[in-house]
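Text of my_file.pdb, listed as PDB, C-alpha atoms:
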ATOM      1  CA  MET A   1       0.000   0.000   0.000
ATOM      2  CA  GLU A   2       1.197   3.486  -0.867
ATOM      3  CA  ILE A   3       0.102   6.695   0.867
ATOM      4  CA  LEU A   4      -0.387   9.705  -1.443
ATOM      5  CA  SER A   5      -1.236  13.360  -1.024
ATOM      6  CA  VAL A   6      -3.150  15.269  -3.716
ATOM      7  CA  ARG A   7      -3.759  19.013  -3.514
ATOM      8  CA  MET A   8      -7.259  20.183  -4.471
ATOM      9  CA  GLU A   9      -7.458  23.259  -6.668
ATOM     10  CA  ILE A  10     -10.071  25.688  -5.367
ATOM     11  CA  PRO A  11     -10.851  28.572  -7.743
ATOM     12  CA  ASP A  12     -10.792  32.118  -6.355
ATOM     13  CA  GLY A  13     -13.896  32.965  -4.356
ATOM     14  CA  ALA A  14     -15.025  29.333  -4.171
ATOM     15  CA  ASN A  15     -15.495  26.836  -1.350
ATOM     16  CA  LEU A  16     -15.017  23.085  -1.465
ATOM     17  CA  ILE A  17     -17.094  20.316   0.064
ATOM     18  CA  LEU A  18     -15.326  16.987  -0.309
ATOM     19  CA  GLY A  19     -17.062  13.740   0.541
ATOM     20  CA  GLN A  20     -17.761  10.107  -0.168
ATOM     21  CA  SER A  21     -20.920   8.619  -1.570
ATOM     22  CA  HIS A  22     -22.056   5.238  -2.859
ATOM     23  CA  PHE A  23     -24.459   5.761  -5.746
ATOM     24  CA  ILE A  24     -24.150   6.927  -9.355
ATOM     25  CA  LYS A  25     -27.039   9.375  -8.910
ATOM     26  CA  THR A  26     -25.020  11.407  -6.360
ATOM     27  CA  ALA A  27     -24.178  14.248  -8.767
ATOM     28  CA  GLU A  28     -27.851  14.704  -9.684
ATOM     29  CA  ASP A  29     -29.036  14.565  -6.068
ATOM     30  CA  LEU A  30     -26.403  17.041  -4.868
ATOM     31  CA  TYR A  31     -27.298  19.344  -7.781
ATOM     32  CA  GLU A  32     -30.921  19.332  -6.578
ATOM     33  CA  ALA A  33     -29.841  19.933  -2.981
ATOM     34  CA  VAL A  34     -27.837  23.027  -3.948
ATOM     35  CA  VAL A  35     -30.373  24.644  -6.290
ATOM     36  CA  ASN A  36     -33.210  24.069  -3.822
ATOM     37  CA  THR A  37     -31.248  25.402  -0.841
ATOM     38  CA  VAL A  38     -29.359  28.379  -2.329
ATOM     39  CA  PRO A  39     -30.971  29.137  -5.714
ATOM     40  CA  GLY A  40     -28.441  31.840  -6.689
ATOM     41  CA  ALA A  41     -25.350  29.738  -5.974
ATOM     42  CA  LYS A  42     -22.825  28.975  -8.699
ATOM     43  CA  PHE A  43     -21.505  25.435  -8.331
ATOM     44  CA  ALA A  44     -20.279  22.182  -9.785
ATOM     45  CA  VAL A  45     -20.319  18.662  -8.413
ATOM     46  CA  ALA A  46     -18.172  15.844  -9.768
ATOM     47  CA  PHE A  47     -18.584  12.236  -8.605
ATOM     48  CA  ASN A  48     -16.169   9.371  -9.336
ATOM     49  CA  GLU A  49     -17.939   6.113 -10.142
ATOM     50  CA  ALA A  50     -16.303   3.047  -8.619
ATOM     51  CA  SER A  51     -17.708   0.314 -10.877
ATOM     52  CA  GLY A  52     -18.764  -0.279 -14.465
ATOM     53  CA  PRO A  53     -17.262   2.317 -16.815
ATOM     54  CA  CYS A  54     -15.881   4.312 -13.802
ATOM     55  CA  LEU A  55     -16.911   7.679 -15.225
ATOM     56  CA  ILE A  56     -16.782  11.070 -13.553
ATOM     57  CA  ARG A  57     -20.404  12.217 -13.374
ATOM     58  CA  VAL A  58     -20.748  16.003 -13.379
ATOM     59  CA  GLU A  59     -23.568  18.474 -12.787
ATOM     60  CA  ALA A  60     -22.896  22.214 -12.823
ATOM     61  CA  ASN A  61     -24.217  25.669 -13.579
ATOM     62  CA  ASP A  62     -20.770  27.314 -13.893
ATOM     63  CA  ASP A  63     -18.154  26.299 -16.496
ATOM     64  CA  GLU A  64     -15.061  27.336 -14.499
ATOM     65  CA  LEU A  65     -16.239  25.412 -11.441
ATOM     66  CA  ARG A  66     -17.151  22.435 -13.668
ATOM     67  CA  ARG A  67     -13.611  22.267 -15.060
ATOM     68  CA  ALA A  68     -12.088  22.579 -11.573
ATOM     69  CA  ALA A  69     -14.397  19.915 -10.076
ATOM     70  CA  ILE A  70     -13.515  17.480 -12.873
ATOM     71  CA  ALA A  71      -9.779  18.204 -12.485
ATOM     72  CA  ASN A  72      -9.967  17.626  -8.710
ATOM     73  CA  ALA A  73     -11.936  14.385  -9.101
ATOM     74  CA  GLN A  74      -9.440  13.158 -11.723
ATOM     75  CA  SER A  75      -6.386  14.055  -9.653
ATOM     76  CA  ALA A  76      -7.725  12.275  -6.542
ATOM     77  CA  ALA A  77      -8.873   9.337  -8.699
ATOM     78  CA  ALA A  78     -10.649   7.673  -5.758
ATOM     79  CA  GLY A  79     -13.875   5.794  -6.323
ATOM     80  CA  HIS A  80     -17.040   7.117  -4.664
ATOM     81  CA  LEU A  81     -15.441  10.538  -4.081
ATOM     82  CA  PHE A  82     -17.477  13.687  -4.736
ATOM     83  CA  VAL A  83     -16.126  17.193  -5.163
ATOM     84  CA  LEU A  84     -18.598  20.062  -4.716
ATOM     85  CA  LEU A  85     -17.306  23.563  -5.531
ATOM     86  CA  ILE A  86     -19.553  26.525  -4.702
ATOM     87  CA  ARG A  87     -19.621  30.295  -5.107
ATOM     88  CA  GLN A  88     -22.178  32.811  -3.874
ATOM     89  CA  ALA A  89     -22.910  30.442  -0.991
ATOM     90  CA  TYR A  90     -20.984  28.963   1.904
ATOM     91  CA  PRO A  91     -20.688  25.358   3.090
ATOM     92  CA  ILE A  92     -22.688  26.239   6.210
ATOM     93  CA  ASN A  93     -25.644  26.989   3.906
ATOM     94  CA  LEU A  94     -25.496  23.495   2.388
ATOM     95  CA  LEU A  95     -23.913  20.979   4.746
ATOM     96  CA  SER A  96     -27.124  19.768   6.341
ATOM     97  CA  ARG A  97     -28.710  19.263   2.916
ATOM     98  CA  VAL A  98     -25.614  17.439   1.636
ATOM     99  CA  ARG A  99     -25.690  15.164   4.699
ATOM    100  CA  ASP A 100     -29.417  14.559   4.086
ATOM    101  CA  CYS A 101     -28.701  12.961   0.697
ATOM    102  CA  PHE A 102     -29.230   9.271   1.366
ATOM    103  CA  GLU A 103     -26.202   8.186  -0.626
ATOM    104  CA  VAL A 104     -23.692  10.499   1.118
ATOM    105  CA  CYS A 105     -21.560   8.405   3.498
ATOM    106  CA  SER A 106     -19.003  10.972   4.737
ATOM    107  CA  ILE A 107     -17.919  14.558   4.409
ATOM    108  CA  PHE A 108     -14.160  14.952   4.681
ATOM    109  CA  CYS A 109     -14.000  18.748   4.659
ATOM    110  CA  ALA A 110     -15.858  21.941   3.786
ATOM    111  CA  THR A 111     -13.596  24.946   3.343
ATOM    112  CA  ALA A 112     -12.106  27.658   1.170
ATOM    113  CA  ASN A 113      -8.651  26.934   2.641
ATOM    114  CA  PRO A 114      -6.003  24.992   0.744
ATOM    115  CA  VAL A 115      -6.790  21.256   0.925
ATOM    116  CA  GLU A 116      -4.663  18.155   0.509
ATOM    117  CA  VAL A 117      -6.453  14.826   0.209
ATOM    118  CA  ILE A 118      -4.617  11.910   1.799
ATOM    119  CA  LEU A 119      -5.147   8.729  -0.228
ATOM    120  CA  ALA A 120      -4.208   5.081   0.051
ATOM    121  CA  GLN A 121      -3.261   3.345  -3.208
ATOM    122  CA  THR A 122      -3.605  -0.457  -3.362
ATOM    123  CA  GLU A 123      -3.868  -2.986  -6.176
ATOM    124  CA  GLN A 124      -7.643  -2.489  -6.103
ATOM    125  CA  GLY A 125      -7.501   1.297  -6.457
ATOM    126  CA  ARG A 126      -7.489   4.469  -4.364
ATOM    127  CA  GLY A 127      -9.420   5.422  -1.278
ATOM    128  CA  VAL A 128      -9.557   8.622   0.777
ATOM    129  CA  LEU A 129      -8.068   8.395   4.260
ATOM    130  CA  GLY A 130      -8.712  12.042   5.156
ATOM    131  CA  SER A 131      -7.850  15.606   4.316
ATOM    132  CA  TRP A 132      -5.617  18.405   5.560
ATOM    133  CA  THR A 133      -7.242  21.800   5.338
ATOM    134  CA  ALA A 134      -5.182  24.345   7.212
ATOM    135  CA  VAL A 135      -1.854  25.363   8.664
ATOM    136  CA  PRO A 136      -1.133  24.769  12.374
ATOM    137  CA  PRO A 137      -2.559  27.370  14.786
ATOM    138  CA  ARG A 138      -0.287  30.335  15.417
ATOM    139  CA  ALA A 139      -1.908  31.671  18.591
ATOM    140  CA  SER A 140      -5.043  31.462  20.690
ATOM    141  CA  LYS A 141      -7.818  34.012  20.457
ATOM    142  CA  ALA A 142      -7.832  36.209  23.541
ATOM    143  CA  PRO A 143     -11.208  37.480  24.780
ATOM    144  CA  LYS A 144     -10.397  40.987  23.519
ATOM    145  CA  THR A 145      -9.612  39.635  20.037
ATOM    146  CA  ARG A 146     -12.716  37.421  20.048
ATOM    147  CA  ASN A 147     -15.004  40.376  20.808
ATOM    148  CA  THR A 148     -13.435  42.370  17.998
ATOM    149  CA  ALA A 149     -13.910  39.493  15.575
ATOM    150  CA  THR A 150     -17.512  38.959  16.674
ATOM    151  CA  SER A 151     -18.501  42.582  16.317
ATOM    152  CA  SER A 152     -16.771  42.947  12.951
ATOM    153  CA  SER A 153     -18.567  39.899  11.538
ATOM    154  CA  ALA A 154     -21.971  40.830  12.946
ATOM    155  CA  ARG A 155     -24.408  43.293  11.452
ATOM    156  CA  SER A 156     -23.784  46.787  12.831
ATOM    157  CA  ASP A 157     -23.312  46.450  16.582
ATOM    158  CA  THR A 158     -25.271  43.211  17.041
ATOM    159  CA  SER A 159     -23.623  39.979  18.144
ATOM    160  CA  CYS A 160     -24.721  36.551  19.371
ATOM    161  CA  ASP A 161     -23.684  34.798  22.563
ATOM    162  CA  LEU A 162     -24.767  31.400  23.812
ATOM    163  CA  TRP A 163     -26.716  31.478  27.076
ATOM    164  CA  PRO A 164     -25.961  28.863  29.704
ATOM    165  CA  ASN A 165     -29.440  27.396  29.074
ATOM    166  CA  SER A 166     -28.662  27.000  25.324
ATOM    167  CA  ARG A 167     -30.757  29.924  24.137
ATOM    168  CA  PHE A 168     -29.221  32.640  22.021
ATOM    169  CA  LEU A 169     -29.156  36.240  23.074
ATOM    170  CA  ILE A 170     -29.082  39.032  20.525
ATOM    171  CA  ARG A 171     -27.045  41.794  22.100
ATOM    172  CA  SER A 172     -27.239  45.325  20.752
ATOM    173  CA  ALA A 173     -26.207  48.664  22.172
ATOM    174  CA  GLU A 174     -29.805  49.452  23.143
ATOM    175  CA  ARG A 175     -31.375  46.222  24.424
ATOM    176  CA  GLN A 176     -30.954  42.527  25.124
ATOM    177  CA  VAL A 177     -33.565  40.208  23.665
ATOM    178  CA  PRO A 178     -33.724  36.480  24.433
ATOM    179  CA  LEU A 179     -34.973  34.356  21.533
ATOM    180  CA  ARG A 180     -36.564  30.942  21.558
ATOM    181  CA  PRO A 181     -34.345  28.416  19.702
ATOM    182  CA  ASN A 182     -37.086  27.546  17.189
ATOM    183  CA  ARG A 183     -37.136  31.183  15.997
ATOM    184  CA  LEU A 184     -33.493  31.140  14.956
TER     185      LEU A 184
END

Represent the supplied structure as structure tokens.
Amino acid sequence: MEILSVRMEIPDGANLILGQSHFIKTAEDLYEAVVNTVPGAKFAVAFNEASGPCLIRVEANDDELRRAAIANAQSAAAGHLFVLLIRQAYPINLLSRVRDCFEVCSIFCATANPVEVILAQTEQGRGVLGSWTAVPPRASKAPKTRNTATSSSARSDTSCDLWPNSRFLIRSAERQVPLRPNRL
């Protein structure tokens, strides 16, 4: 057995969801999941068949992402692997829908960071062992830094904190409003 590392190419402004599935209809089902969840998203999904003609099945609404998804699926060359590249949406918008596809077995990563796929090569073929998606941490986030990051990512001066009783609190400069979890 040989251990290999293959770098995924993620086009500028795109995110990658990399996973494993077991059915040739995966590309079609993931296409439906994306268009029904984030209608304006630009995306491509490529799925490597693992039997029969062993084709790469592709569904896409963006040519650049289609080419990149095919290239990534070819370079990994692992059966049952799917590569989903998205723009104008984020993995957080889609992950639950991707997991809900009956044929999806695993999700290895969902990121815009550089990704290396770790593969095992045997006489039978290639399989994904995992993925590396980031550099090692350089420091910890101090409370002062965390508050700055939270307020800069939130709308105006609104931020979210988790209450001890698992309810969210919307904090603004003027008032504090507890929300019921089912209204999130």

Review point. Pick from A:Phe23, A:Phe43, A:Tyr31, A:Trp132: nearest to Arg87 (chain A), with all atoms listed in the file counted?
Key: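 Selected residue with least distance to Arg87 (chain A): A:Phe43.
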
Practice item. Give as a ChimeraX atom specification the residues that the PyMOL selection byres ((chain A and resi 50) around 6) matches when applied to the coordinates above. Key: /A:49,51,54,79-80

Practice item. Report as JSON, numbers by chain the full result of the PyMOL selection byres ((chain A and resi 103-114) around 8) when it is applied to this structure. Key: {"A": [7, 8, 9, 10, 13, 14, 15, 16, 17, 18, 19, 20, 21, 22, 23, 26, 91, 98, 99, 100, 101, 102, 115, 116, 130, 131, 133, 134]}

For the residues selected in the previous step, produce a file with C-alpha atoms as a compact mmCIF listing (two decimals), in the frame of the given file.
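Generated file (part_29.txt):
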# COMPACT_ATOMS: atom_id res chain seq x y z
CA ARG A 7 -3.76 19.01 -3.51
CA MET A 8 -7.26 20.18 -4.47
CA GLU A 9 -7.46 23.26 -6.67
CA ILE A 10 -10.07 25.69 -5.37
CA GLY A 13 -13.90 32.97 -4.36
CA ALA A 14 -15.02 29.33 -4.17
CA ASN A 15 -15.50 26.84 -1.35
CA LEU A 16 -15.02 23.08 -1.46
CA ILE A 17 -17.09 20.32 0.06
CA LEU A 18 -15.33 16.99 -0.31
CA GLY A 19 -17.06 13.74 0.54
CA GLN A 20 -17.76 10.11 -0.17
CA SER A 21 -20.92 8.62 -1.57
CA HIS A 22 -22.06 5.24 -2.86
CA PHE A 23 -24.46 5.76 -5.75
CA THR A 26 -25.02 11.41 -6.36
CA PRO A 91 -20.69 25.36 3.09
CA VAL A 98 -25.61 17.44 1.64
CA ARG A 99 -25.69 15.16 4.70
CA ASP A 100 -29.42 14.56 4.09
CA CYS A 101 -28.70 12.96 0.70
CA PHE A 102 -29.23 9.27 1.37
CA VAL A 115 -6.79 21.26 0.92
CA GLU A 116 -4.66 18.16 0.51
CA GLY A 130 -8.71 12.04 5.16
CA SER A 131 -7.85 15.61 4.32
CA THR A 133 -7.24 21.80 5.34
CA ALA A 134 -5.18 24.34 7.21

Point to revise | Nearest candidate to Leu65 (chain A) (options A:Ala33, A:Ala77, A:Ala46, A:Leu85; using all atoms listed in the file) | key: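 The shortest atom-to-atom distance to Leu65 (chain A) comes from A:Leu85.
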
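Each of A:Ser140, A:Ser75, A:Asn48, A:Thr37 was checked against Ile118 (chain A) using all atoms listed in the file; the smallest atom-to-atom distance is that of A:Ser75.
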
Check your understanding: Which is closer to Ala27 (chain A) than all the others in A:Pro11, A:Ala41, A:Ala76, A:Val83, using all atoms listed in the file?
Key ->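 Counting all atoms listed in the file, the residue closest to Ala27 (chain A) is A:Val83.
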
Practice item. For the structure provided, state which residues fall under the PyMOL selection byres ((chain A and resi 120) around 12), and present them as a list in words. Key: Met1, Glu2, Ile3, Leu4, Ser5, Val6, Ala76, Ala77, Ala78, Gly79, Val117, Ile118, Leu119, Gln121, Thr122, Glu123, Gln124, Gly125, Arg126, Gly127, Val128, Leu129, Gly130 and Ser131 of chain A

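One finds CA of Gln88 (chain A) at 9.7 Å from CA of Pro39 (chain A).
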
**Study point:** Selected residue, from A:Val135, A:Ile70, A:Ile24, A:Leu84, that lies nearest to Pro53 (chain A) when counting all atoms listed in the file
**Key:** A:Ile24

Review point. At what distance in Å, to one decimal, does CA of Ala44 (chain A) lie from CA of Leu95 (chain A)?
Key: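 CA of Ala44 (chain A) lies 15.0 Å from CA of Leu95 (chain A).
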
Check your understanding: Do you have the CA of Ile86 (chain A)-CA of Lys42 (chain A) distance handy?
Key -> 5.7 Å

Exercise for review: Kindly indicate which residue among A:Arg57, A:Lys25, A:Arg97, A:Lys141 lies nearest to Gln74 (chain A), using all atoms listed in the file for the distances.
Suggested key: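 Of all the options, A:Arg57 lies closest to Gln74 (chain A).
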